[in-house]
file start29.csv (CSV, C-alpha atoms)
chain,number,residue,atom,x,y,z
A,5,MET,CA,-59.3,-79.8,32.5
A,6,ASP,CA,-61.0,-76.5,32.7
A,7,GLU,CA,-63.1,-74.7,30.2
A,8,HIS,CA,-60.1,-72.9,28.7
A,9,THR,CA,-58.4,-76.2,27.8
A,10,LYS,CA,-61.2,-78.4,26.8
A,11,SER,CA,-60.4,-80.0,23.5
A,12,SER,CA,-63.8,-81.1,22.3
A,13,PHE,CA,-64.8,-79.6,19.0
A,14,SER,CA,-66.9,-76.5,19.2
A,15,PHE,CA,-67.7,-73.8,16.7
A,16,ASP,CA,-68.7,-70.3,17.9
A,17,TRP,CA,-69.8,-68.0,15.0
A,18,ARG,CA,-69.4,-65.0,17.4
A,19,TRP,CA,-65.6,-65.5,17.3
A,20,VAL,CA,-65.7,-65.6,13.5
A,21,VAL,CA,-67.5,-62.2,13.5
A,22,ALA,CA,-65.2,-60.8,16.2
A,23,GLY,CA,-62.1,-62.1,14.4
A,24,TYR,CA,-63.2,-60.6,11.1
A,25,CYS,CA,-64.1,-57.3,12.8
A,26,TYR,CA,-60.7,-57.2,14.6
A,27,LEU,CA,-58.9,-57.7,11.2
A,28,VAL,CA,-61.0,-55.0,9.6
A,29,LEU,CA,-60.4,-52.6,12.5
A,30,PHE,CA,-56.9,-53.3,13.5
A,31,HIS,CA,-55.4,-54.4,10.2
A,32,MET,CA,-57.3,-53.0,7.3
A,33,LEU,CA,-58.0,-49.5,8.8
A,34,PRO,CA,-54.3,-48.8,9.7
A,35,THR,CA,-53.2,-50.2,6.4
A,36,TYR,CA,-55.6,-47.9,4.6
A,37,LEU,CA,-54.7,-44.9,6.8
A,38,MET,CA,-51.0,-45.4,6.6
A,39,GLY,CA,-51.1,-45.4,2.8
A,40,SER,CA,-50.4,-48.3,0.6
A,41,SER,CA,-47.0,-47.0,-0.3
A,42,LEU,CA,-45.9,-48.3,3.1
A,43,VAL,CA,-47.9,-51.4,3.5
A,44,LEU,CA,-48.7,-52.7,0.1
A,45,PRO,CA,-48.8,-56.5,0.0
A,46,ARG,CA,-46.5,-58.2,-2.4
A,47,PHE,CA,-47.9,-60.8,-4.7
A,48,PRO,CA,-46.3,-63.5,-6.9
A,49,GLY,CA,-46.1,-62.1,-10.5
A,50,GLU,CA,-45.4,-58.6,-9.2
A,51,GLU,CA,-42.3,-56.8,-10.3
A,52,GLY,CA,-39.5,-57.4,-7.8
A,53,ALA,CA,-41.6,-59.8,-5.8
A,54,GLY,CA,-40.1,-62.8,-4.1
A,55,PHE,CA,-38.6,-63.8,-0.9
A,56,ARG,CA,-35.8,-61.3,-1.4
A,57,SER,CA,-38.4,-58.5,-1.2
A,58,VAL,CA,-39.6,-59.1,2.4
A,59,ASP,CA,-40.1,-55.5,3.4
A,60,PHE,CA,-42.1,-53.6,6.0
A,61,GLY,CA,-45.3,-54.0,4.0
A,62,THR,CA,-45.0,-57.8,3.9
A,63,LEU,CA,-44.1,-58.0,7.5
A,64,TRP,CA,-47.0,-55.7,8.5
A,65,LEU,CA,-49.4,-57.7,6.4
A,66,MET,CA,-48.4,-61.1,7.7
A,67,ALA,CA,-47.7,-60.2,11.3
A,68,GLY,CA,-51.1,-58.3,11.6
A,69,VAL,CA,-53.1,-61.4,10.6
A,70,VAL,CA,-51.1,-63.6,13.0
A,71,VAL,CA,-51.5,-61.2,15.9
A,72,VAL,CA,-55.3,-60.9,15.5
A,73,ALA,CA,-55.7,-64.7,15.2
A,74,PHE,CA,-53.4,-65.1,18.2
A,75,VAL,CA,-55.6,-62.8,20.3
A,76,VAL,CA,-58.7,-64.8,19.2
A,77,GLY,CA,-57.1,-68.1,20.0
A,78,TRP,CA,-55.8,-66.8,23.4
A,79,LYS,CA,-58.9,-65.0,24.6
A,80,SER,CA,-61.6,-67.5,23.5
A,81,LYS,CA,-62.6,-70.3,25.7
A,82,GLY,CA,-62.0,-73.8,24.3
A,83,GLN,CA,-60.1,-74.7,21.2
A,84,THR,CA,-60.6,-71.9,18.6
A,85,LEU,CA,-58.8,-72.7,15.4
A,86,LEU,CA,-61.5,-72.9,12.8
A,87,GLU,CA,-63.0,-69.5,13.6
A,88,PRO,CA,-59.9,-67.4,13.1
A,89,MET,CA,-59.2,-69.3,9.8
A,90,LEU,CA,-62.6,-68.5,8.6
A,91,SER,CA,-62.2,-64.9,9.6
A,92,GLY,CA,-58.9,-64.8,7.8
A,93,ALA,CA,-60.5,-66.2,4.6
A,94,LEU,CA,-63.3,-63.7,4.8
A,95,TYR,CA,-60.8,-60.9,5.4
A,96,ALA,CA,-58.7,-62.0,2.5
A,97,LEU,CA,-61.8,-61.7,0.3
A,98,THR,CA,-62.8,-58.3,1.7
A,99,SER,CA,-59.3,-56.9,1.5
A,100,SER,CA,-58.9,-58.1,-2.1
A,101,ILE,CA,-62.0,-56.1,-3.0
A,102,ALA,CA,-61.1,-53.1,-0.8
A,103,PHE,CA,-57.5,-52.9,-2.1
A,104,ARG,CA,-58.1,-54.1,-5.6
A,105,HIS,CA,-57.0,-50.9,-7.2
A,106,MET,CA,-53.7,-51.2,-5.2
A,107,ALA,CA,-53.1,-54.7,-6.2
A,108,SER,CA,-54.1,-54.3,-9.9
A,109,THR,CA,-51.4,-51.7,-10.4
A,110,ARG,CA,-48.7,-54.2,-9.3
A,111,VAL,CA,-49.7,-57.7,-10.2
A,112,HIS,CA,-50.2,-57.0,-13.9
A,113,GLY,CA,-53.0,-59.2,-14.9
A,114,LYS,CA,-52.4,-62.0,-12.3
A,115,GLU,CA,-55.2,-60.9,-10.0
A,116,THR,CA,-56.6,-64.3,-9.6
A,117,LEU,CA,-53.3,-65.8,-8.7
A,118,ALA,CA,-52.6,-63.0,-6.3
A,119,PHE,CA,-56.0,-63.5,-4.6
A,120,VAL,CA,-55.5,-67.2,-4.2
A,121,PHE,CA,-52.0,-66.6,-2.8
A,122,TRP,CA,-53.4,-64.0,-0.4
A,123,LEU,CA,-56.3,-66.2,0.6
A,124,LEU,CA,-54.0,-69.2,1.4
A,125,THR,CA,-51.6,-66.9,3.2
A,126,ALA,CA,-54.3,-65.4,5.3
A,127,VAL,CA,-55.8,-68.8,6.2
A,128,ILE,CA,-52.4,-70.3,7.1
A,129,LEU,CA,-51.3,-67.3,9.1
A,130,SER,CA,-54.6,-67.3,11.0
A,131,ALA,CA,-54.1,-70.9,11.8
A,132,VAL,CA,-50.6,-70.3,13.0
A,133,GLY,CA,-51.6,-67.3,15.1
A,134,ALA,CA,-54.6,-69.1,16.6
A,135,TRP,CA,-52.5,-72.2,17.4
A,136,LEU,CA,-49.9,-69.9,19.2
A,137,GLY,CA,-52.8,-68.3,21.1
A,138,GLU,CA,-54.1,-71.7,22.1
A,139,ALA,CA,-50.7,-72.8,23.2
A,140,LEU,CA,-50.3,-69.7,25.4
A,141,GLN,CA,-53.8,-70.3,26.8
A,142,ARG,CA,-53.0,-74.0,27.6
A,143,ARG,CA,-49.7,-73.0,29.2
A,144,LYS,CA,-51.4,-70.3,31.4
A,145,ALA,CA,-54.1,-72.8,32.4
A,146,ARG,CA,-51.4,-75.4,33.4
A,147,VAL,CA,-49.6,-72.8,35.5
A,148,LYS,CA,-52.8,-71.9,37.2
A,149,GLU,CA,-53.6,-75.5,37.9
A,150,MET,CA,-50.2,-76.1,39.3
A,151,THR,CA,-50.5,-73.0,41.5
A,152,ASN,CA,-53.9,-74.1,42.7
A,153,SER,CA,-52.8,-77.6,43.6
A,154,ALA,CA,-49.7,-76.3,45.4
A,155,GLU,CA,-52.0,-74.0,47.4
A,156,LEU,CA,-54.3,-76.9,48.3
A,157,ARG,CA,-51.4,-79.0,49.5
A,158,THR,CA,-50.2,-76.2,51.7
B,9,MET,CA,-91.4,-72.0,40.0
B,10,SER,CA,-92.5,-75.2,38.2
B,11,GLN,CA,-90.6,-78.4,38.3
B,12,LYS,CA,-89.9,-78.1,34.5
B,13,THR,CA,-88.1,-74.8,34.9
B,14,GLU,CA,-86.1,-76.1,37.8
B,15,SER,CA,-84.7,-79.0,35.9
B,16,VAL,CA,-83.5,-77.0,32.9
B,17,SER,CA,-80.0,-75.5,33.5
B,18,PRO,CA,-79.8,-71.9,32.4
B,19,ASP,CA,-77.8,-71.2,29.2
B,20,PRO,CA,-74.3,-70.0,30.0
B,21,ALA,CA,-73.8,-66.4,29.0
B,22,PRO,CA,-72.0,-66.1,25.7
B,23,GLU,CA,-68.3,-65.1,25.8
B,24,LEU,CA,-69.0,-62.1,23.6
B,25,SER,CA,-72.0,-60.1,24.5
B,26,ASN,CA,-74.4,-58.9,21.8
B,27,GLN,CA,-73.6,-55.3,22.6
B,28,TYR,CA,-69.9,-55.9,22.2
B,29,LEU,CA,-70.4,-57.7,18.9
B,30,GLY,CA,-72.8,-55.0,17.8
B,31,SER,CA,-70.3,-52.3,18.4
B,32,LEU,CA,-67.6,-54.2,16.6
B,33,VAL,CA,-69.8,-54.7,13.6
B,34,VAL,CA,-70.8,-51.0,13.5
B,35,ALA,CA,-67.2,-50.0,13.6
B,36,SER,CA,-66.2,-52.5,10.9
B,37,VAL,CA,-69.1,-51.3,8.7
B,38,LEU,CA,-67.9,-47.7,9.0
B,39,VAL,CA,-64.3,-48.8,8.2
B,40,LEU,CA,-65.4,-50.9,5.2
B,41,ALA,CA,-67.5,-48.0,3.9
B,42,LEU,CA,-64.6,-45.6,4.2
B,43,VAL,CA,-62.2,-48.0,2.5
B,44,ILE,CA,-64.4,-49.3,-0.3
B,45,LEU,CA,-66.5,-46.2,-1.0
B,46,GLY,CA,-63.9,-43.6,-0.1
B,47,GLY,CA,-62.4,-43.6,-3.5
B,48,ARG,CA,-65.8,-42.8,-5.1
B,49,ILE,CA,-66.4,-39.6,-3.2
B,50,ASN,CA,-64.9,-36.8,-5.3
B,51,PRO,CA,-62.7,-35.0,-2.7
B,52,LEU,CA,-61.6,-38.2,-1.2
B,53,ALA,CA,-60.9,-39.7,-4.6
B,54,ALA,CA,-58.5,-36.8,-5.3
B,55,MET,CA,-56.4,-38.2,-2.5
B,56,HIS,CA,-55.7,-41.3,-4.5
B,57,ILE,CA,-52.0,-41.0,-5.5
B,58,GLU,CA,-51.3,-42.7,-8.8
B,59,GLY,CA,-48.8,-45.6,-8.3
B,60,GLY,CA,-48.8,-45.0,-4.6
B,61,GLY,CA,-52.1,-46.7,-3.8
B,62,SER,CA,-55.0,-45.6,-1.8
B,63,MET,CA,-55.7,-42.1,-0.5
B,64,GLN,CA,-53.8,-41.0,2.5
B,65,LEU,CA,-56.4,-39.5,4.6
B,66,LEU,CA,-54.1,-38.8,7.5
B,67,TYR,CA,-51.6,-37.0,5.5
B,68,PRO,CA,-53.0,-34.0,3.7
B,69,TRP,CA,-49.5,-32.6,3.4
B,70,VAL,CA,-48.7,-35.6,1.1
B,71,LEU,CA,-51.2,-34.0,-1.4
B,72,ALA,CA,-49.6,-30.6,-1.0
B,73,GLY,CA,-46.1,-32.2,-1.6
B,74,GLY,CA,-47.4,-34.0,-4.6
B,75,GLN,CA,-48.9,-30.8,-6.0
B,76,THR,CA,-45.6,-28.9,-5.4
B,77,ILE,CA,-43.6,-31.6,-7.3
B,78,ALA,CA,-46.2,-31.6,-10.1
B,79,ASN,CA,-45.8,-27.8,-10.3
B,80,GLY,CA,-42.1,-28.1,-10.4
B,81,LEU,CA,-42.2,-30.6,-13.2
B,82,GLU,CA,-44.5,-28.5,-15.2
B,83,GLU,CA,-42.4,-25.5,-14.8
B,84,PHE,CA,-39.3,-27.5,-15.7
B,85,SER,CA,-40.9,-28.8,-18.8
B,86,GLY,CA,-41.7,-25.3,-19.9
B,87,THR,CA,-45.4,-25.6,-20.0
B,88,THR,CA,-47.6,-23.0,-18.4
B,89,LEU,CA,-48.4,-23.7,-14.8
B,90,GLN,CA,-52.1,-24.8,-14.5
B,91,PRO,CA,-54.1,-23.6,-11.5
B,92,VAL,CA,-54.7,-26.2,-8.8
B,93,THR,CA,-58.0,-28.1,-9.2
B,94,ASP,CA,-60.7,-27.6,-6.7
B,95,SER,CA,-60.7,-31.3,-5.8
B,96,ILE,CA,-57.2,-31.0,-4.4
B,97,TYR,CA,-58.3,-28.2,-2.2
B,98,TYR,CA,-61.4,-30.1,-1.0
B,99,ALA,CA,-59.3,-33.3,-0.5
B,100,SER,CA,-56.7,-31.4,1.6
B,101,PHE,CA,-59.5,-29.8,3.6
B,102,CYS,CA,-61.2,-33.2,4.1
B,103,GLY,CA,-57.9,-34.6,5.3
B,104,ILE,CA,-57.3,-31.8,7.8
B,105,LEU,CA,-60.9,-31.9,8.9
B,106,PHE,CA,-61.0,-35.7,9.3
B,107,SER,CA,-57.6,-36.3,11.0
B,108,GLY,CA,-57.3,-33.0,12.9
B,109,LEU,CA,-60.8,-32.3,14.0
B,110,VAL,CA,-63.5,-35.0,13.6
B,111,VAL,CA,-61.4,-38.0,14.9
B,112,PRO,CA,-59.9,-36.4,18.0
B,113,THR,CA,-63.3,-34.7,18.9
B,114,LEU,CA,-65.2,-38.0,18.6
B,115,THR,CA,-62.6,-39.9,20.5
B,116,LEU,CA,-62.5,-37.4,23.4
B,117,LEU,CA,-66.2,-36.9,23.4
B,118,LEU,CA,-67.1,-40.6,23.6
B,119,MET,CA,-64.2,-41.5,25.9
B,120,GLY,CA,-65.2,-42.9,29.3
B,121,ILE,CA,-69.0,-42.6,29.0
B,122,LYS,CA,-71.6,-45.4,28.9
B,123,LYS,CA,-72.8,-45.6,25.3
B,124,PRO,CA,-75.0,-47.7,23.1
B,125,ALA,CA,-73.6,-50.2,20.5
B,126,VAL,CA,-73.5,-47.7,17.7
B,127,ALA,CA,-71.7,-45.0,19.7
B,128,ARG,CA,-69.3,-47.7,20.9
B,129,GLY,CA,-68.6,-48.7,17.3
B,130,VAL,CA,-67.9,-45.1,16.3
B,131,TYR,CA,-65.7,-44.6,19.3
B,132,LEU,CA,-63.8,-47.8,18.5
B,133,ALA,CA,-63.2,-46.7,14.9
B,134,SER,CA,-62.3,-43.1,15.8
B,135,SER,CA,-59.9,-44.2,18.6
B,136,ILE,CA,-58.1,-46.6,16.2
B,137,VAL,CA,-57.7,-43.7,13.7
B,138,ALA,CA,-56.5,-41.4,16.4
B,139,VAL,CA,-53.9,-44.0,17.7
B,140,THR,CA,-52.8,-44.6,14.1
B,141,LEU,CA,-52.4,-40.9,13.6
B,142,CYS,CA,-50.4,-40.5,16.8
B,143,ILE,CA,-48.1,-43.4,16.0
B,144,THR,CA,-47.5,-42.4,12.4
B,145,VAL,CA,-47.4,-38.7,12.6
B,146,LEU,CA,-43.8,-38.5,13.9
B,147,PRO,CA,-42.2,-40.9,11.5
B,148,THR,CA,-44.1,-39.5,8.5
B,149,GLY,CA,-43.2,-36.0,9.6
B,150,PHE,CA,-39.5,-37.0,9.8
B,151,ILE,CA,-39.7,-38.8,6.4
B,152,ALA,CA,-41.4,-35.7,4.9
B,153,TYR,CA,-38.6,-33.5,6.2
B,154,GLN,CA,-36.0,-35.9,4.8
B,155,VAL,CA,-37.7,-36.0,1.5
B,156,LYS,CA,-37.9,-32.2,1.4
B,157,GLN,CA,-34.2,-32.0,2.2
B,158,SER,CA,-33.3,-34.6,-0.3
B,159,LEU,CA,-35.4,-32.9,-3.0
B,160,ARG,CA,-33.7,-29.6,-2.3
B,161,SER,CA,-30.3,-31.1,-2.4
B,162,ALA,CA,-31.0,-33.0,-5.6
B,163,GLN,CA,-32.4,-29.8,-7.1
B,164,ALA,CA,-29.2,-27.9,-6.2
B,165,VAL,CA,-27.0,-30.6,-7.6
B,166,GLN,CA,-29.0,-30.7,-10.8
B,167,THR,CA,-28.9,-26.9,-11.2
B,168,ASN,CA,-25.2,-26.9,-10.7
B,169,ARG,CA,-24.8,-29.7,-13.2
B,170,ASP,CA,-26.9,-27.8,-15.8
B,171,HIS,CA,-24.9,-24.6,-15.3
B,172,ILE,CA,-21.6,-26.5,-15.8
B,173,ILE,CA,-23.0,-28.2,-19.0
B,174,ASN,CA,-24.0,-24.8,-20.3
B,175,GLU,CA,-20.5,-23.3,-19.5
B,176,LEU,CA,-18.8,-26.4,-21.1
B,177,ASN,CA,-20.7,-25.7,-24.3
B,178,LYS,CA,-19.7,-22.1,-24.1
B,179,ILE,CA,-16.0,-23.2,-23.8
B,180,ALA,CA,-16.4,-25.7,-26.7
B,181,TRP,CA,-17.8,-22.9,-29.0
B,182,LYS,CA,-14.9,-20.6,-27.9
B,183,THR,CA,-12.4,-23.4,-29.0
B,184,ARG,CA,-14.1,-23.7,-32.3
B,185,GLU,CA,-14.2,-20.0,-32.8
B,186,TYR,CA,-10.4,-19.8,-32.1
B,187,ARG,CA,-9.7,-22.8,-34.4
B,188,ILE,CA,-11.4,-21.4,-37.4
B,189,LEU,CA,-10.2,-17.9,-37.1
B,190,PRO,CA,-7.1,-17.0,-39.1
B,191,LYS,CA,-3.9,-16.3,-37.2
B,192,ALA,CA,-4.0,-12.7,-38.4
B,193,LEU,CA,-7.3,-12.2,-36.5
B,194,GLY,CA,-5.9,-13.8,-33.3
B,195,GLY,CA,-7.2,-17.3,-34.1
B,196,GLY,CA,-5.5,-20.6,-34.5
B,197,GLY,CA,-5.6,-20.8,-38.2
B,198,GLY,CA,-7.1,-24.3,-38.3
B,199,ALA,CA,-5.4,-25.5,-35.1
B,200,LEU,CA,-6.1,-25.2,-31.5
B,201,ALA,CA,-2.5,-25.0,-30.5
B,202,GLY,CA,-1.8,-22.0,-28.2
B,203,TYR,CA,-5.3,-21.5,-27.1
B,204,THR,CA,-5.9,-20.7,-23.4
B,205,LEU,CA,-9.2,-20.3,-21.6
B,206,PRO,CA,-10.2,-16.7,-21.0
B,207,SER,CA,-10.2,-15.8,-17.3
B,208,PHE,CA,-14.0,-15.5,-17.1
B,209,LEU,CA,-14.2,-19.1,-18.2
B,210,THR,CA,-11.4,-20.5,-16.1
B,211,GLU,CA,-13.3,-20.0,-12.9
B,212,THR,CA,-17.0,-19.2,-12.6
B,213,ASP,CA,-19.4,-19.2,-9.7
B,214,GLU,CA,-20.2,-22.8,-10.6
B,215,ALA,CA,-16.9,-24.5,-11.3
B,216,THR,CA,-13.3,-24.3,-12.3
B,217,TYR,CA,-12.3,-25.5,-15.8
B,218,VAL,CA,-9.1,-27.0,-17.1
B,219,LEU,CA,-8.6,-27.3,-20.8
B,220,ARG,CA,-6.0,-29.9,-22.1
B,221,LEU,CA,-5.1,-29.6,-25.7
B,222,ILE,CA,-4.5,-32.8,-27.7
B,223,PRO,CA,-1.5,-32.1,-30.0
B,224,GLU,CA,-2.5,-32.2,-33.7
B,225,LEU,CA,0.3,-33.6,-35.8
B,226,PRO,CA,0.4,-32.2,-39.3
B,227,ASN,CA,1.0,-35.5,-41.1
B,228,ALA,CA,-1.2,-37.6,-38.9
B,229,GLN,CA,-4.8,-38.6,-39.7
B,230,ALA,CA,-7.3,-36.0,-38.6
B,231,ALA,CA,-7.7,-36.6,-34.8
B,232,ARG,CA,-11.2,-37.1,-33.6
B,233,PHE,CA,-10.7,-34.8,-30.6
B,234,VAL,CA,-8.7,-31.7,-30.2
B,235,ALA,CA,-9.0,-31.1,-26.5
B,236,THR,CA,-10.5,-32.3,-23.2
B,237,ILE,CA,-12.1,-30.1,-20.6
B,238,ARG,CA,-12.4,-31.0,-17.0
B,239,ALA,CA,-14.9,-29.0,-14.9
B,240,SER,CA,-14.7,-29.3,-11.1
B,241,SER,CA,-17.7,-28.1,-9.3
B,242,LYS,CA,-17.2,-25.5,-6.6
B,243,LYS,CA,-20.4,-26.1,-4.8
B,244,PHE,CA,-20.1,-29.9,-4.6
B,245,THR,CA,-16.5,-30.7,-4.4
B,246,ASP,CA,-16.8,-34.4,-5.1
B,247,CYS,CA,-18.5,-33.7,-8.4
B,248,SER,CA,-16.8,-33.1,-11.8
B,249,VAL,CA,-17.5,-33.4,-15.5
B,250,GLU,CA,-14.9,-34.4,-18.1
B,251,VAL,CA,-15.6,-34.1,-21.8
B,252,SER,CA,-13.8,-34.3,-25.1
B,253,VAL,CA,-14.0,-31.6,-27.7
B,254,GLU,CA,-14.3,-32.4,-31.5
B,255,PRO,CA,-12.7,-30.0,-34.0
B,256,ASN,CA,-16.1,-28.7,-34.9
B,257,GLY,CA,-16.8,-27.8,-31.3
B,258,LYS,CA,-19.1,-30.7,-30.5
B,259,LEU,CA,-18.7,-32.3,-27.1
B,260,TRP,CA,-18.4,-36.1,-26.6
B,261,ASN,CA,-17.5,-38.7,-24.0
B,262,TRP,CA,-19.3,-37.0,-21.1
B,263,THR,CA,-18.0,-38.4,-17.8
B,264,TYR,CA,-19.7,-37.4,-14.6
B,265,THR,CA,-18.4,-38.1,-11.1
B,266,GLY,CA,-19.8,-37.8,-7.6
B,267,GLN,CA,-23.4,-36.8,-7.3
B,268,PHE,CA,-23.5,-35.7,-10.9
B,269,GLN,CA,-23.7,-39.4,-11.9
call {"tool": "encode", "arguments": {"input": "start29.csv", "output": "structure tokens"}}
result
Amino acid sequence: MDEHTKSSFSFDWRWVVAGYCYLVLFHMLPTYLMGSSLVLPRFPGEEGAGFRSVDFGTLWLMAGVVVVAFVVGWKSKGQTLLEPMLSGALYALTSSIAFRHMASTRVHGKETLAFVFWLLTAVILSAVGAWLGEALQRRKARVKEMTNSAELRT
Amino acid sequence: MSQKTESVSPDPAPELSNQYLGSLVVASVLVLALVILGGRINPLAAMHIEGGGSMQLLYPWVLAGGQTIANGLEEFSGTTLQPVTDSIYYASFCGILFSGLVVPTLTLLLMGIKKPAVARGVYLASSIVAVTLCITVLPTGFIAYQVKQSLRSAQAVQTNRDHIINELNKIAWKTREYRILPKALGGGGGALAGYTLPSFLTETDEATYVLRLIPELPNAQAARFVATIRASSKKFTDCSVEVSVEPNGKLWNWTYTGQFQ
């Protein structure tokens, strides 16, 4: 088992910072620049919200968090699940503050519920993304090991 | 080297260097400052579009479009057109300056040179903005063009509809005029029988009109309607308006078809 696949628990605060910064840079900034009309998150309690209303905004919001967590899980050595989840939680808090004027016009007094929903969504999506990243990392490591052993045999 | 130092294994280098983390943090702080404080800076705050969410720094033309629509609505409602506020000018200027000049300049200036953490952070943020601009400029330009066309088309349909309504009212008043005039003066003497549309109202630049009289039986109860008018738009062939005329010239039962709906 190499350093990429070791399963012992480790916590690297640097990946929390990096994951959070990635989310701010690659998710919050484009969201902000593209304008909320395109990428506004949808919350429960909002008019027209629900699973029927999965639109570009919702996809962008969710996929962005998954992709960032995926990159962290993939690129970091060892098992990195807790770090992206923490980054996601921090990001949910920050984005709720940053985009509060956007949310408040649509959730109609259910800001707390919207925040809790968004926090849980961000944490769960981060975990999913990081897990997928780890899976890819493990797979690559296995392929590398097999290639190495085949080379040694020859 | 002493024995002590030989026995201690050196710490492995961290996966993420301090310089890399520093540049990430600098870029993130810049982004957070822009996002959180951007709405409090007057020219930037003017970019906040009510109901649409945050300011759209990359799209100064959205502001211009919004102002044009606001002007149109004001003119349509009959109020005097107010001069554009300075903040709109500043906001547009900031948008153009930011997305067209500052961001590309910073990105190109800092590209490919060795730089300290702060400059790397600035470069990171500016390159993300530049990439976002490049990715979004084409679709938004296309959407803007579509919106413009759609607005023009909607405006043309609405104008045609308004003209037709106006002409239908004119026809209705002509029927009333005919109905109340005595027969000796060329009127209907209390009935609409025998009335035909004058040629200048049968076909106008906007539509063609067909008047159908409802026969008024002398012993029957007073009928509610004396005629129906159908207007077929000449500019939008799928559009028409059908309306019933009361004896007093009032119009009821407006039925619109096509884009007039």
call {"tool": "atom_distance", "arguments": {"input": "start29.csv", "atom1": "atom CA of A:Val20", "atom2": "atom CA of A:Val127"}}
result
12.7 Å
call {"tool": "residues_near_point", "arguments": {"input": "start29.csv", "point": "(-54.7, -48.3, 11.1)", "cutoff": "9 Å", "atoms": "all atoms listed in the file", "output": "ChimeraX atom specification"}}
result
/A:29-38 /B:136-141
call {"tool": "residues_near_point", "arguments": {"input": "start29.csv", "point": "(-10.8, -22.7, -9.0)", "cutoff": "9 Å", "atoms": "all atoms listed in the file", "output": "ChimeraX atom specification"}}
result
/B:210-212,215-217,240-242
call {"tool": "residues_around", "arguments": {"input": "start29.csv", "residues": "A:Cys25", "least_positions_apart": "6", "cutoff": "10 Å", "atoms": "only C-alpha atoms", "output": "ChimeraX atom specification"}}
result
/A:19,31-32,72,91,95 /B:29,31-37,39
call {"tool": "write_last_selection", "arguments": {"input": "start29.csv", "atoms": "C-alpha atoms", "output": "short mmCIF file (atom, residue, chain, number, x, y, z; two decimals), in the coordinates of the input"}}
result
data_model
loop_
_atom_site.label_atom_id
_atom_site.label_comp_id
_atom_site.auth_asym_id
_atom_site.auth_seq_id
_atom_site.Cartn_x
_atom_site.Cartn_y
_atom_site.Cartn_z
CA TRP A 19 -65.60 -65.50 17.30
CA HIS A 31 -55.40 -54.40 10.20
CA MET A 32 -57.30 -53.00 7.30
CA VAL A 72 -55.30 -60.90 15.50
CA SER A 91 -62.20 -64.90 9.60
CA TYR A 95 -60.80 -60.90 5.40
CA LEU B 29 -70.40 -57.70 18.90
CA SER B 31 -70.30 -52.30 18.40
CA LEU B 32 -67.60 -54.20 16.60
CA VAL B 33 -69.80 -54.70 13.60
CA VAL B 34 -70.80 -51.00 13.50
CA ALA B 35 -67.20 -50.00 13.60
CA SER B 36 -66.20 -52.50 10.90
CA VAL B 37 -69.10 -51.30 8.70
CA VAL B 39 -64.30 -48.80 8.20
#
call {"tool": "closest_residue", "arguments": {"input": "start29.csv", "among": "B:Ser100, B:Thr88, B:Thr115, B:Thr148", "to": "B:Val130", "atoms": "all atoms listed in the file"}}
result
B:Thr115
call {"tool": "closest_residue", "arguments": {"input": "start29.csv", "among": "B:Ile104, B:Val155, B:Val249, B:Val43", "to": "B:Val218", "atoms": "all atoms listed in the file"}}
result
B:Val249
call {"tool": "atom_distance", "arguments": {"input": "start29.csv", "atom1": "atom CA of B:Glu175", "atom2": "atom CA of B:Ser158"}}
result
25.7 Å
call {"tool": "closest_residue", "arguments": {"input": "start29.csv", "among": "B:Asn261, B:Ser207, B:Gln157, B:Ser107", "to": "chain A", "atoms": "all atoms listed in the file"}}
result
B:Ser107
call {"tool": "atom_distance", "arguments": {"input": "start29.csv", "atom1": "atom CA of A:Leu63", "atom2": "atom CA of A:Ala102"}}
result
19.5 Å
call {"tool": "closest_residue", "arguments": {"input": "start29.csv", "among": "B:Leu117, B:Ile222, B:Leu132, B:Ala152", "to": "chain A", "atoms": "all atoms listed in the file"}}
result
B:Leu132
call {"tool": "closest_residue", "arguments": {"input": "start29.csv", "among": "A:Val76, A:Ile101, A:Leu90, A:Leu117", "to": "chain B", "atoms": "all atoms listed in the file"}}
result
A:Ile101
call {"tool": "closest_residue", "arguments": {"input": "start29.csv", "among": "A:Ala93, A:Leu156, A:Ala134, A:Val21", "to": "chain B", "atoms": "only C-alpha atoms"}}
result
A:Val21
call {"tool": "axis_aligned_box", "arguments": {"input": "start29.csv", "around": "stretch 62-75 of chain A", "padding_each_side": "5 Å", "output": "AutoDock Vina command-line options"}}
result
--center_x -49.9 --center_y -60.4 --center_z 12.1 --size_x 21.6 --size_y 19.4 --size_z 26.4
